[in-house]
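Text of entry-v3.txt, listed as compact mmCIF, C-alpha atoms and all ligand atoms:
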```txt
# COMPACT_ATOMS: atom_id res chain seq x y z
CA MET N 820 20.85 126.41 70.94
CA ALA N 821 23.20 129.19 71.95
CA ALA N 822 20.84 130.15 74.77
CA ASP N 823 20.83 126.54 75.94
CA LYS N 824 24.61 126.48 76.09
CA LYS N 825 24.68 129.70 78.02
CA TRP N 826 22.22 128.24 80.52
CA LEU N 827 24.25 125.09 80.88
CA PHE N 828 27.35 127.10 81.42
CA THR N 829 25.63 129.17 84.12
CA LEU N 830 24.44 126.03 85.87
CA PHE N 831 27.88 124.49 85.70
CA PHE N 832 29.45 127.68 86.97
CA ALA N 833 27.00 127.91 89.89
CA ALA N 834 27.60 124.27 90.82
CA PHE N 835 31.35 124.74 90.65
CA THR N 836 31.22 127.89 92.80
CA SER N 837 29.13 126.23 95.49
CA PHE N 838 31.51 123.27 95.44
CA LEU N 839 34.42 125.66 96.06
CA LEU N 840 32.50 127.40 98.84
CA PHE N 841 31.80 124.02 100.41
CA LEU N 842 35.48 123.09 100.25
CA SER N 843 36.58 126.35 101.81
CA MET N 844 33.96 125.95 104.56
CA ILE N 845 35.25 122.48 105.33
CA SER N 846 38.84 123.63 105.39
CA SER N 847 38.08 126.61 107.63
CA PHE N 848 36.02 124.35 109.89
CA LEU N 849 38.95 121.94 110.13
CA SER N 850 41.43 124.69 110.90
CA SER N 851 39.25 126.42 113.47
CA SER N 852 38.55 123.21 115.34
CA GLN N 853 42.23 122.39 115.46
CA LYS N 854 43.84 122.47 118.90
CA PRO N 855 47.55 122.21 119.59
CA PHE N 856 48.11 118.53 119.12
CA SER N 857 51.32 118.12 120.98
CA THR N 858 52.75 120.08 123.83
CA LEU N 859 55.68 122.22 123.00
CA ARG N 860 58.87 120.73 124.37
CA ARG N 861 61.93 122.86 124.86
CA GLY N 862 65.34 122.26 126.39
CA VAL N 863 68.61 120.57 125.46
CA ASN N 864 66.96 117.32 124.38
CA TYR N 865 64.76 119.11 121.88
CA PRO N 866 65.50 121.29 118.85
CA PRO N 867 66.49 124.86 119.75
CA ALA N 868 63.95 127.67 119.67
CA PHE N 869 64.50 131.24 118.52
CA ALA N 870 63.16 134.57 119.72
CA TYR N 871 62.74 136.93 116.79
CA TYR N 872 62.55 140.67 117.02
CA ILE N 873 61.29 142.11 113.74
CA THR N 874 61.42 145.87 113.57
CA GLY N 875 60.19 148.29 110.94
CA THR N 876 58.76 151.72 110.53
CA LYS N 877 55.96 153.61 108.76
CA GLY N 878 54.64 151.69 105.77
CA ASP N 879 56.19 148.35 106.82
CA VAL N 880 53.02 146.45 107.88
CA GLY N 881 52.96 144.26 104.76
CA ARG N 882 56.70 143.57 104.90
CA ILE N 883 56.69 142.66 108.59
CA TYR N 884 53.74 140.33 108.12
CA ARG N 885 55.33 138.61 105.14
CA LEU N 886 58.65 138.21 106.95
CA LEU N 887 56.86 136.83 110.03
CA LEU N 888 55.20 134.12 107.94
CA ALA N 889 58.51 133.35 106.23
CA VAL N 890 60.27 132.73 109.58
CA TYR N 891 57.30 131.32 111.49
CA HIS N 892 57.45 128.15 113.57
CA PRO N 893 55.21 127.26 116.53
CA ARG N 894 58.30 126.56 118.70
CA ASN N 895 59.67 130.08 118.30
CA ARG N 896 58.65 133.39 119.81
CA TYR N 897 58.12 136.64 117.90
CA LEU N 898 57.99 140.30 118.83
CA LEU N 899 56.97 142.72 116.09
CA HIS N 900 57.70 146.42 116.31
CA ILE N 901 56.67 149.39 114.21
CA GLY N 902 58.77 152.32 115.45
CA THR N 903 57.47 155.75 116.40
CA GLY N 904 57.56 156.73 112.71
CA GLY N 905 54.51 154.51 112.14
CA SER N 906 50.95 155.00 113.38
CA ASP N 907 48.75 153.12 115.87
CA GLU N 908 46.48 152.40 112.92
CA GLU N 909 49.33 150.44 111.32
CA ARG N 910 50.02 148.58 114.57
CA ARG N 911 46.35 147.60 114.83
CA LYS N 912 46.38 146.45 111.23
CA LEU N 913 49.39 144.26 111.98
CA VAL N 914 47.63 142.77 115.03
CA ASP N 915 44.56 141.99 112.88
CA LEU N 916 46.67 140.25 110.26
CA VAL N 917 48.51 138.20 112.89
CA GLU N 918 45.31 137.20 114.71
CA ASN N 919 43.88 135.85 111.49
CA VAL N 920 46.49 133.09 111.33
CA GLY N 921 45.01 129.99 113.00
CA VAL N 922 48.24 128.50 114.24
CA ILE N 923 49.35 131.82 115.78
CA ARG N 924 45.99 132.15 117.55
CA ASP N 925 46.51 128.73 119.07
CA PHE N 926 50.19 128.92 119.99
CA ARG N 927 50.02 132.60 121.03
CA ASN N 928 53.66 133.12 120.22
CA VAL N 929 53.52 136.46 118.40
CA ASP N 930 53.25 139.86 120.08
CA VAL N 931 53.14 143.35 118.63
CA VAL N 932 54.73 146.18 120.63
CA GLY N 933 51.90 148.55 121.54
CA LYS N 934 53.98 151.43 122.85
CA PRO N 935 56.65 151.93 120.20
CA ASP N 936 60.25 153.05 120.55
CA PRO N 937 62.04 155.62 118.44
CA ASN N 938 64.73 154.41 116.12
CA THR N 939 66.65 157.49 115.09
CA HIS N 940 68.74 156.95 111.99
CA MET N 941 72.38 156.58 113.18
CA GLY N 942 71.36 157.23 116.80
CA SER N 943 71.57 155.13 119.94
CA SER N 944 67.82 154.81 120.58
CA GLY N 945 67.94 151.65 118.45
CA VAL N 946 70.07 149.93 121.11
CA ALA N 947 67.49 150.81 123.77
CA ALA N 948 64.74 149.41 121.53
CA VAL N 949 66.63 146.12 121.02
CA LEU N 950 67.36 145.77 124.76
CA ARG N 951 63.72 146.41 125.53
CA ALA N 952 62.69 143.75 123.00
CA VAL N 953 65.14 141.32 124.62
CA SER N 954 63.67 142.09 128.07
CA ILE N 955 60.13 141.46 126.85
CA LEU N 956 61.12 138.23 125.13
CA LEU N 957 63.01 137.00 128.21
CA LYS N 958 59.98 137.72 130.33
CA VAL N 959 57.20 136.29 128.17
CA ASP N 960 58.99 133.10 127.18
CA LYS N 961 61.35 131.09 129.38
CA GLY N 962 62.27 128.54 126.75
CA TRP N 963 64.00 130.13 123.76
CA ASP N 964 67.70 129.66 123.10
CA TRP N 965 68.75 132.41 120.67
CA PHE N 966 67.61 135.93 119.99
CA VAL N 967 67.59 136.98 116.33
CA CYS N 968 67.33 140.61 115.31
CA LEU N 969 65.66 141.23 111.93
CA SER N 970 64.53 144.34 110.09
CA ALA N 971 61.50 144.56 107.83
CA LEU N 972 63.96 144.68 104.90
CA ASP N 973 65.38 141.20 105.63
CA TYR N 974 64.30 137.77 104.39
CA PRO N 975 65.29 134.18 105.29
CA LEU N 976 67.22 131.97 102.86
CA ILE N 977 66.36 128.71 104.63
CA THR N 978 63.31 127.30 106.41
CA GLN N 979 62.95 127.29 110.19
CA ASP N 980 63.28 123.50 110.13
CA ASP N 981 66.65 123.96 108.39
CA LEU N 982 67.76 126.63 110.84
CA SER N 983 66.75 124.74 113.95
CA HIS N 984 68.22 121.51 112.58
CA VAL N 985 71.64 123.06 111.99
CA PHE N 986 71.57 124.87 115.34
CA SER N 987 70.72 121.55 117.07
CA SER N 988 74.40 120.63 116.97
CA VAL N 989 75.63 124.03 118.17
CA ARG N 990 76.45 124.74 121.82
CA ARG N 991 73.59 126.86 123.09
CA ASP N 992 75.81 129.41 124.79
CA LEU N 993 77.48 130.50 121.54
CA ASN N 994 76.87 134.00 120.15
CA PHE N 995 76.94 134.87 116.46
CA ILE N 996 78.21 138.37 116.18
CA ASP N 997 80.39 139.82 113.46
CA HIS N 998 83.06 141.90 115.21
CA THR N 999 86.51 143.46 115.12
CA SER N 1000 88.59 145.87 117.17
CA ASP N 1001 90.30 147.09 114.03
CA LEU N 1002 88.31 150.30 113.86
CA GLY N 1003 90.10 151.73 110.83
CA TRP N 1004 88.28 154.76 109.43
CA LYS N 1005 85.50 154.13 111.96
CA GLU N 1006 87.73 155.36 114.78
CA GLY N 1007 87.77 158.94 113.54
CA GLN N 1008 84.30 158.98 112.03
CA ARG N 1009 82.26 156.85 114.43
CA VAL N 1010 83.91 156.41 117.83
CA LEU N 1011 85.60 159.75 118.54
CA PRO N 1012 82.73 162.09 117.55
CA ILE N 1013 80.20 162.82 120.27
CA VAL N 1014 76.58 162.90 119.11
CA VAL N 1015 73.21 163.32 120.76
CA ASP N 1016 70.21 161.25 119.78
CA PRO N 1017 67.11 163.43 120.23
CA GLY N 1018 64.96 160.28 119.90
CA ILE N 1019 65.79 159.68 123.57
CA TYR N 1020 64.19 162.87 124.87
CA LEU N 1021 62.14 164.48 122.08
CA ALA N 1022 58.75 163.12 121.05
CA ARG N 1023 59.18 164.42 117.51
CA ARG N 1024 61.42 162.43 115.20
CA VAL N 1025 64.58 164.34 114.33
CA GLN N 1026 68.13 163.55 113.29
CA ILE N 1027 71.13 163.21 115.60
CA PHE N 1028 73.29 166.25 116.15
CA HIS N 1029 77.03 166.49 116.62
CA ALA N 1030 78.88 168.08 119.53
CA THR N 1031 81.83 170.30 118.68
CA GLN N 1032 84.17 168.41 121.03
CA LYS N 1033 85.52 164.93 120.34
CA ARG N 1034 86.33 162.28 122.91
CA THR N 1035 89.54 160.31 123.27
CA LEU N 1036 89.55 156.59 122.61
CA PRO N 1037 88.38 154.74 125.76
CA ASP N 1038 91.04 152.95 127.79
CA ALA N 1039 88.81 151.43 130.50
CA PHE N 1040 87.61 148.97 127.86
CA LYS N 1041 88.34 148.17 124.23
CA VAL N 1042 85.86 149.24 121.57
CA PHE N 1043 84.68 146.57 119.15
CA THR N 1044 82.50 147.16 116.15
CA GLY N 1045 80.71 145.07 113.54
CA SER N 1046 77.41 144.12 111.99
CA PRO N 1047 74.30 145.18 113.94
CA TRP N 1048 72.58 141.94 112.81
CA VAL N 1049 73.20 139.63 115.75
CA THR N 1050 72.12 136.17 116.91
CA LEU N 1051 72.73 136.08 120.66
CA SER N 1052 72.39 133.42 123.33
CA ARG N 1053 69.89 133.65 126.13
CA SER N 1054 72.63 133.54 128.79
CA PHE N 1055 74.55 136.47 127.29
CA LEU N 1056 71.39 138.55 126.98
CA GLU N 1057 70.46 137.89 130.60
CA PHE N 1058 73.90 139.23 131.46
CA CYS N 1059 73.19 142.37 129.37
CA VAL N 1060 69.69 142.98 130.66
CA LEU N 1061 69.89 141.91 134.29
CA GLY N 1062 73.30 143.50 134.71
CA TRP N 1063 74.83 141.90 137.80
CA ASP N 1064 78.13 143.11 136.39
CA ASN N 1065 78.22 146.84 135.64
CA LEU N 1066 79.96 146.49 132.26
CA PRO N 1067 76.76 146.23 130.16
CA ARG N 1068 75.41 149.37 131.84
CA THR N 1069 78.68 151.27 131.51
CA LEU N 1070 78.83 150.47 127.82
CA LEU N 1071 75.19 151.40 127.38
CA MET N 1072 75.92 154.83 128.83
CA PHE N 1073 79.00 155.13 126.62
CA SER N 1074 76.87 154.17 123.60
CA THR N 1075 74.37 156.95 124.24
CA ASN N 1076 76.56 159.49 122.49
CA LEU N 1077 77.88 157.22 119.80
CA ILE N 1078 77.11 157.21 116.08
CA LEU N 1079 75.49 153.89 115.06
CA ALA N 1080 75.65 152.49 118.59
CA GLN N 1081 74.03 149.27 117.34
CA GLU N 1082 77.30 148.44 115.61
CA VAL N 1083 79.24 148.77 118.86
CA TYR N 1084 77.17 147.89 121.91
CA PHE N 1085 76.84 144.09 122.02
CA HIS N 1086 80.24 143.70 120.33
CA SER N 1087 82.02 145.68 123.03
CA VAL N 1088 80.07 144.13 125.91
CA ILE N 1089 80.77 140.56 124.84
CA CYS N 1090 84.44 141.04 123.99
CA ASN N 1091 85.18 142.87 127.25
CA SER N 1092 83.52 140.19 129.41
CA PRO N 1093 85.91 137.38 130.38
CA GLU N 1094 83.01 134.98 130.93
CA PHE N 1095 81.48 135.54 127.49
CA ARG N 1096 84.29 136.47 125.12
CA ASN N 1097 85.07 132.81 124.43
CA THR N 1098 81.51 132.28 123.22
CA THR N 1099 81.76 134.68 120.29
CA VAL N 1100 81.58 133.23 116.81
CA ASN N 1101 82.71 135.86 114.34
CA GLY N 1102 79.90 135.91 111.78
CA ASP N 1103 76.43 137.35 111.41
CA LEU N 1104 74.85 134.55 109.30
CA ARG N 1105 73.71 137.21 106.80
CA TYR N 1106 74.13 137.73 103.11
CA MET N 1107 74.69 141.33 102.08
CA VAL N 1108 76.23 142.92 99.01
CA TRP N 1109 78.06 146.19 99.42
CA ASP N 1110 78.79 148.88 96.93
CA ASP N 1111 82.43 149.74 96.35
CA PRO N 1112 83.18 151.87 98.30
CA PRO N 1113 80.45 150.75 100.73
CA LYS N 1114 77.57 153.09 101.45
CA MET N 1115 75.66 153.28 104.72
CA ASP N 1116 73.42 150.35 103.75
CA PRO N 1117 74.04 147.29 101.58
CA LEU N 1118 72.65 147.15 98.02
CA PHE N 1119 69.07 146.10 97.36
CA LEU N 1120 69.08 142.48 96.22
CA ASN N 1121 67.18 141.36 93.14
CA THR N 1122 66.69 138.33 90.89
CA SER N 1123 70.00 138.81 89.08
CA GLY N 1124 71.88 137.89 92.25
CA TYR N 1125 69.65 134.97 93.21
CA GLU N 1126 72.07 132.09 92.54
CA GLN N 1127 74.94 133.77 94.32
CA MET N 1128 72.68 134.56 97.25
CA ILE N 1129 71.43 131.03 97.79
CA GLN N 1130 74.93 129.60 97.35
CA SER N 1131 76.19 131.86 100.14
CA GLY N 1132 75.18 129.50 102.94
CA ALA N 1133 73.69 132.40 104.92
CA ALA N 1134 70.52 132.09 106.97
CA PHE N 1135 69.15 135.53 106.12
CA ALA N 1136 69.73 138.16 103.47
CA ARG N 1137 69.24 141.89 103.32
CA GLN N 1138 68.12 144.17 101.99
CA PHE N 1139 65.05 143.86 99.77
CA ARG N 1140 62.50 146.24 98.31
CA GLU N 1141 58.89 145.48 99.19
CA ASN N 1142 57.38 142.68 97.07
CA GLU N 1143 60.60 142.37 95.06
CA ALA N 1144 60.37 139.49 92.56
CA VAL N 1145 63.33 137.68 94.14
CA LEU N 1146 61.28 137.25 97.33
CA ASP N 1147 58.70 135.31 95.32
CA MET N 1148 61.54 133.14 93.99
CA ILE N 1149 62.72 132.42 97.54
CA ASP N 1150 59.15 131.60 98.60
CA GLU N 1151 58.63 129.28 95.68
CA LYS N 1152 61.99 127.53 95.38
CA ILE N 1153 63.32 127.47 98.93
CA LEU N 1154 60.61 128.05 101.48
CA LYS N 1155 57.83 126.35 99.41
CA ARG N 1156 55.54 128.94 100.91
CA GLY N 1157 52.19 129.97 99.43
CA ARG N 1158 50.98 133.57 99.49
CA HIS N 1159 49.82 134.66 102.97
CA ARG N 1160 50.82 131.29 104.39
CA ALA N 1161 53.41 130.27 106.95
CA VAL N 1162 56.53 128.47 105.77
CA PRO N 1163 55.70 124.73 105.87
CA GLY N 1164 57.65 122.55 108.27
CA ALA N 1165 57.40 119.03 109.65
CA TRP N 1166 54.71 120.35 112.02
CA CYS N 1167 52.28 121.01 109.14
CA THR N 1168 50.08 117.99 108.51
CA GLY N 1169 47.35 119.48 106.32
CA ARG N 1170 46.92 118.50 102.70
CA LYS N 1171 48.96 120.59 100.33
CA SER N 1172 46.93 121.98 97.43
CA TRP N 1173 46.10 125.33 95.93
CA PHE N 1174 43.08 125.79 98.13
CA THR N 1175 44.29 124.34 101.42
CA ASP N 1176 47.18 125.53 103.50
CA PRO N 1177 49.25 122.55 104.75
CA CYS N 1178 49.87 124.50 107.97
CA SER N 1179 46.17 124.96 108.74
CA GLN N 1180 46.51 121.64 110.57
CA TRP N 1181 49.41 120.51 112.62
CA GLY N 1182 50.89 117.56 114.43
CA ASP N 1183 54.03 117.18 116.53
CA VAL N 1184 55.79 120.55 116.64
CA ASN N 1185 58.94 119.11 118.24
CA VAL N 1186 60.17 117.39 115.09
CA LEU N 1187 62.05 118.88 112.16
CA LYS N 1188 62.36 118.01 108.52
CA PRO N 1189 65.35 119.80 107.05
CA GLY N 1190 65.42 120.26 103.29
CA ARG N 1191 68.35 120.32 100.88
CA HIS N 1192 69.11 123.99 101.55
CA ALA N 1193 70.10 123.07 105.10
CA GLU N 1194 73.31 121.56 103.61
CA LYS N 1195 74.83 124.84 102.47
CA PHE N 1196 73.96 126.49 105.77
CA LYS N 1197 75.47 123.56 107.66
CA GLU N 1198 78.72 123.96 105.69
CA SER N 1199 78.99 127.63 106.52
CA MET N 1200 78.12 126.93 110.15
CA ASN N 1201 80.88 124.30 110.31
CA SER N 1202 83.43 126.68 108.94
CA LEU N 1203 82.38 129.38 111.42
CA LEU N 1204 82.68 126.86 114.28
CA LEU N 1205 86.11 125.76 113.08
CA ASP N 1206 87.15 129.39 113.09
CA TRP N 1207 85.70 129.76 116.59
CA LYS N 1208 87.66 126.75 117.88
CA SER N 1209 90.92 128.18 116.60
CA GLN N 1210 90.22 131.42 118.53
CA SER N 1211 92.31 133.26 115.96
CA ASN N 1212 89.46 135.50 114.93
CA GLN N 1213 87.82 136.07 118.28
CA CYS N 1214 87.56 139.46 119.99
CA ARG N 1215 90.66 140.73 118.22
C1 LIG B 1301 88.76 131.57 127.31
O1 LIG B 1301 89.84 131.12 126.47
C2 LIG B 1301 91.11 131.42 126.98
C3 LIG B 1301 92.14 131.02 125.93
O2 LIG B 1301 91.96 129.71 125.50
C4 LIG B 1301 91.30 130.68 128.31
O3 LIG B 1301 92.58 130.98 128.85
C5 LIG B 1301 90.22 131.13 129.28
O4 LIG B 1301 90.30 130.40 130.48
C6 LIG B 1301 88.83 130.94 128.69
N1 LIG B 1301 87.84 131.54 129.56
C7 LIG B 1301 86.74 130.91 129.95
C8 LIG B 1301 85.85 131.69 130.86
O5 LIG B 1301 86.45 129.79 129.59
C1 LIG B 1302 69.96 144.18 90.39
O1 LIG B 1302 70.88 144.76 91.29
C2 LIG B 1302 72.13 145.08 90.70
C3 LIG B 1302 73.04 145.55 91.80
O2 LIG B 1302 72.42 146.51 92.56
C4 LIG B 1302 71.92 146.12 89.60
O3 LIG B 1302 73.15 146.43 89.00
C5 LIG B 1302 70.93 145.58 88.59
O4 LIG B 1302 70.64 146.58 87.64
C6 LIG B 1302 69.65 145.13 89.24
N1 LIG B 1302 68.83 144.44 88.27
C7 LIG B 1302 67.53 144.70 88.12
C8 LIG B 1302 66.81 143.85 87.14
O5 LIG B 1302 66.95 145.56 88.78
```
Let me see the structure of the file written as structure tokens.
Amino acid sequence: MAADKKWLFTLFFAAFTSFLLFLSMISSFLSSSQKPFSTLRRGVNYPPAFAYYITGTKGDVGRIYRLLLAVYHPRNRYLLHIGTGGSDEERRKLVDLVENVGVIRDFRNVDVVGKPDPNTHMGSSGVAAVLRAVSILLKVDKGWDWFVCLSALDYPLITQDDLSHVFSSVRRDLNFIDHTSDLGWKEGQRVLPIVVDPGIYLARRVQIFHATQKRTLPDAFKVFTGSPWVTLSRSFLEFCVLGWDNLPRTLLMFSTNLILAQEVYFHSVICNSPEFRNTTVNGDLRYMVWDDPPKMDPLFLNTSGYEQMIQSGAAFARQFRENEAVLDMIDEKILKRGRHRAVPGAWCTGRKSWFTDPCSQWGDVNVLKPGRHAEKFKESMNSLLLDWKSQSNQCR
């Protein structure tokens, strides 16, 4: 009798397994035969598109891949970068992961930087890396509206449908950049010291070194500083990269010997340019928690700060440890994203179940379906725009 039951169980188990195999074959057949259903439409009559630069270093493959899926949308463009600290092996691994995502294979909107840039801690090579990323993104894609700079330690707090929906009512020449000319302690500790970033001319990764002399405060332009986490318009970045005015180049050369140049470069360029200073919105759309007194980097976020974080109305938060439990909470409660799957949006038309990915099939990619978390972000956007209109907090 017991033997009979065992046999039955085996039969049932075998039947169930082949049924599952059959299902997965069908679903992979469906996803591989899928072709882009609708053409991508960009421009003022369509939702805005974003160009993301996601940068990390050695050991960040898993984080970059997870973040990519969490901010993925077929309308956007992505450039992934593992700095010189990482290996080519890691870069290849990242390419393999990316190429395994059906929708990315079809829309071809993700690239991985093959020849990496250094990103010296505190040095100016990071600015060069960001400008290079901007140049690549401008060249490979003529249709995006805003450039967003993310690190492997960041994570979104809203879906791409939410983000694009809220940005649909924003003038596309506006720049989101947290800035001030009130340098405070930064004047003596950041702007006046002269440093050299060996990342610019040494192949080996080393730290910056300080010159014995200090400079005086510039008087040919005013120095602005702020968060390095920027969301910049295409038109402003063309101004920075193409450089028909010499200001972006002058400030780039000034930044070479600056500590944490990424907190000064774009801020000073935009606020010293008469044609762009009126387009600055003073905010970085990020949620960060700082120690008191603040350290170099914000605190690592965890589940105990979850409520406060999602109530913040920010689009992104930083910083997180790899596979931190709060990221799973964000995936589950906000992004509704399954493991190793892209964040679902209105473009996903596949059935949603534990064995099928709703985004393995897609329909019209030019429509959005914002969720309830778009509301909080919309509120904070409105208050930033109100602030922008008053001009009281702009390039001052
Ligand atoms: C920027 O705003 C100022 C103050 O309102 C105004 O005088 C100036 O003409 C504006 N510049 C541009 C380029 O719109
Ligand atoms: C979460 O982060 C806060 C602030 O850094 C810290 O005080 C707290 O101990 C952390 N909680 C856990 C569970 O790690």
* **Test item: residues at most 8 Å from His984 (chain N), all atoms listed in the file, excluding those fewer than 6 positions along its chain, as a VMD selection string** => chain N and resid 866 1187 to 1189 1193
* To do: Residues within 12 Å of ligand LIG 1302 (chain B), counting all atoms listed in the file: report them as number ranges by chain.
  => N: 1107-1111, 1116-1125, 1128, 1138-1140, 1143-1145
Against ligand LIG 1301 (chain B), which residues of chain N fall within 9 Å? For each one I want the closest pair of atoms and the distance in Å (one decimal), counting all atoms listed in the file, rows by chain and increasing residue number, as CSV.
```
residue,atom,partner,partner_atom,distance
N:Ser1092,CA,B:LIG1301,C8,8.9
N:Pro1093,CA,B:LIG1301,C8,5.7
N:Glu1094,CA,B:LIG1301,C8,4.3
N:Phe1095,CA,B:LIG1301,C8,6.7
N:Arg1096,CA,B:LIG1301,C1,7.0
N:Asn1097,CA,B:LIG1301,C1,4.8
N:Thr1098,CA,B:LIG1301,C1,8.4
N:Gln1210,CA,B:LIG1301,O2,7.4
```
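Each of N:Lys1155, N:Arg1068, N:Lys934, N:Arg1160 was checked against Val917 (chain N) using only C-alpha atoms; the smallest atom-to-atom distance is that of N:Arg1160.
Compared by their closest atoms to Met1115 (chain N), and using only C-alpha atoms, the residues N:Glu1141, N:Met941, N:Val953, N:Ile1153 rank with N:Met941 nearest.
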* Quick one, how far is CA of Leu950 (chain N) from CA of Arg911 (chain N)? -> 23.3 Å
Write out as a tab-separated table the residues of region 1072-1157 of chain N that have any atom within 10 Å of an atom of region 988-1001 of chain N, one row each with the nearest atom pair and its distance in Å to one decimal, counting all atoms listed in the file, sorted by chain and then rising number.
```
residue	atom	partner	partner_atom	distance
N:Glu1082	CA	N:His998	CA	8.7
N:Val1083	CA	N:His998	CA	8.7
N:Phe1085	CA	N:Ile996	CA	8.3
N:His1086	CA	N:His998	CA	6.1
N:Ser1087	CA	N:His998	CA	8.7
N:Ile1089	CA	N:Asn994	CA	9.0
N:Cys1090	CA	N:His998	CA	8.9
N:Phe1095	CA	N:Leu993	CA	8.8
N:Arg1096	CA	N:Asn994	CA	9.3
N:Asn1097	CA	N:Leu993	CA	8.4
N:Thr1098	CA	N:Leu993	CA	4.7
N:Thr1099	CA	N:Asn994	CA	4.9
N:Val1100	CA	N:Phe995	CA	4.9
N:Asn1101	CA	N:Asp997	CA	4.7
N:Gly1102	CA	N:Asp997	CA	4.3
N:Asp1103	CA	N:Asp997	CA	5.1
N:Leu1104	CA	N:Phe995	CA	7.5
N:Arg1105	CA	N:Asp997	CA	9.8
```
Would you save the residues of that selection, restricted to C-alpha atoms, as a compact mmCIF listing (two decimals), keeping the file's coordinate frame?
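New file selection34.txt:
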```
# COMPACT_ATOMS: atom_id res chain seq x y z
CA GLU N 1082 77.30 148.44 115.61
CA VAL N 1083 79.24 148.77 118.86
CA PHE N 1085 76.84 144.09 122.02
CA HIS N 1086 80.24 143.70 120.33
CA SER N 1087 82.02 145.68 123.03
CA ILE N 1089 80.77 140.56 124.84
CA CYS N 1090 84.44 141.04 123.99
CA PHE N 1095 81.48 135.54 127.49
CA ARG N 1096 84.29 136.47 125.12
CA ASN N 1097 85.07 132.81 124.43
CA THR N 1098 81.51 132.28 123.22
CA THR N 1099 81.76 134.68 120.29
CA VAL N 1100 81.58 133.23 116.81
CA ASN N 1101 82.71 135.86 114.34
CA GLY N 1102 79.90 135.91 111.78
CA ASP N 1103 76.43 137.35 111.41
CA LEU N 1104 74.85 134.55 109.30
CA ARG N 1105 73.71 137.21 106.80
```
* To do: For each of N:Arg924, N:Lys1005, N:Arg896, N:Arg1158, take the minimum atom-to-atom distance to Asn1142 (chain N), counting all atoms listed in the file, then give the residue where this is smallest.
  => N:Arg1158
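CA of Gly875 (chain N) is positioned 24.4 Å from CA of Ile1129 (chain N).
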* Quick one: of N:Val946, N:Val959, N:Leu898, N:Leu1002, who's nearest to Val931 (chain N), counting all atoms listed in the file? -> N:Leu898
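A search radius of 10 Å centred on (78.5, 170.1, 115.7), applied to all atoms listed in the file, returns the residues Pro1012, Ile1013, Val1014, Val1015, Phe1028, His1029, Ala1030, Thr1031, Gln1032 and Lys1033 of chain N.
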Based on the selection just made, write C-alpha atoms of those residues as a compact mmCIF listing (two decimals), in the frame of the given file.
```txt
# COMPACT_ATOMS: atom_id res chain seq x y z
CA PRO N 1012 82.73 162.09 117.55
CA ILE N 1013 80.20 162.82 120.27
CA VAL N 1014 76.58 162.90 119.11
CA VAL N 1015 73.21 163.32 120.76
CA PHE N 1028 73.29 166.25 116.15
CA HIS N 1029 77.03 166.49 116.62
CA ALA N 1030 78.88 168.08 119.53
CA THR N 1031 81.83 170.30 118.68
CA GLN N 1032 84.17 168.41 121.03
CA LYS N 1033 85.52 164.93 120.34
```
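The space between CA of Trp1048 (chain N) and CA of Trp965 (chain N) spans 12.9 Å.
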Padding of 8 Å on every side, edges along x, y and z, all listed atoms of region 1182-1187 of chain N included: what centre and edge lengths in Å, to one decimal, does that box have, as JSON?
```
{"center_x": 56.5, "center_y": 118.9, "center_z": 115.2, "size_x": 27.2, "size_y": 19.4, "size_z": 22.1}
```
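Here the question is which of N:Gln979, N:Tyr1020, N:Asn938, N:His1159 gets nearest to Gly881 (chain N) using only C-alpha atoms, and that residue is N:His1159.
With all atoms listed in the file as the basis for measurement, N:Leu887 is the residue among N:Thr903, N:Leu887, N:Ile955, N:Leu1204 that approaches Leu916 (chain N) most closely.
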* To do: Name the residues within 8 Å of (45.3, 129.6, 111.8), counting all atoms listed in the file in the file's coordinates, and put them as an MDAnalysis selection string.
  => chainID N and resid 850:851 919:925 1178:1179
Take the residues from that selection and put them in a file with C-alpha atoms, as a PDB file, in the frame of the given file.
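again_18.pdb was written with the following content:
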```pdb
ATOM      1  CA  SER N 850      41.430 124.690 110.900  1.00  0.00           C
ATOM      2  CA  SER N 851      39.250 126.420 113.470  1.00  0.00           C
ATOM      3  CA  ASN N 919      43.880 135.850 111.490  1.00  0.00           C
ATOM      4  CA  VAL N 920      46.490 133.090 111.330  1.00  0.00           C
ATOM      5  CA  GLY N 921      45.010 129.990 113.000  1.00  0.00           C
ATOM      6  CA  VAL N 922      48.240 128.500 114.240  1.00  0.00           C
ATOM      7  CA  ILE N 923      49.350 131.820 115.780  1.00  0.00           C
ATOM      8  CA  ARG N 924      45.990 132.150 117.550  1.00  0.00           C
ATOM      9  CA  ASP N 925      46.510 128.730 119.070  1.00  0.00           C
ATOM     10  CA  CYS N1178      49.870 124.500 107.970  1.00  0.00           C
ATOM     11  CA  SER N1179      46.170 124.960 108.740  1.00  0.00           C
TER      12      SER N1179
END
```
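Excluding Ala1080 (chain N) itself and any same-chain residue fewer than 2 positions from it, the protein and nucleic acid residues within 10 Å of it, counting all atoms listed in the file, are Met941, Gly942, Ser943, Ser944, Gly945, Val946, Ala947, Arg1009, Val1010, Thr1044, Pro1047, Leu1070, Leu1071, Phe1073, Ser1074, Thr1075, Asn1076, Leu1077, Ile1078, Glu1082, Val1083, Tyr1084 and Phe1085 of chain N.
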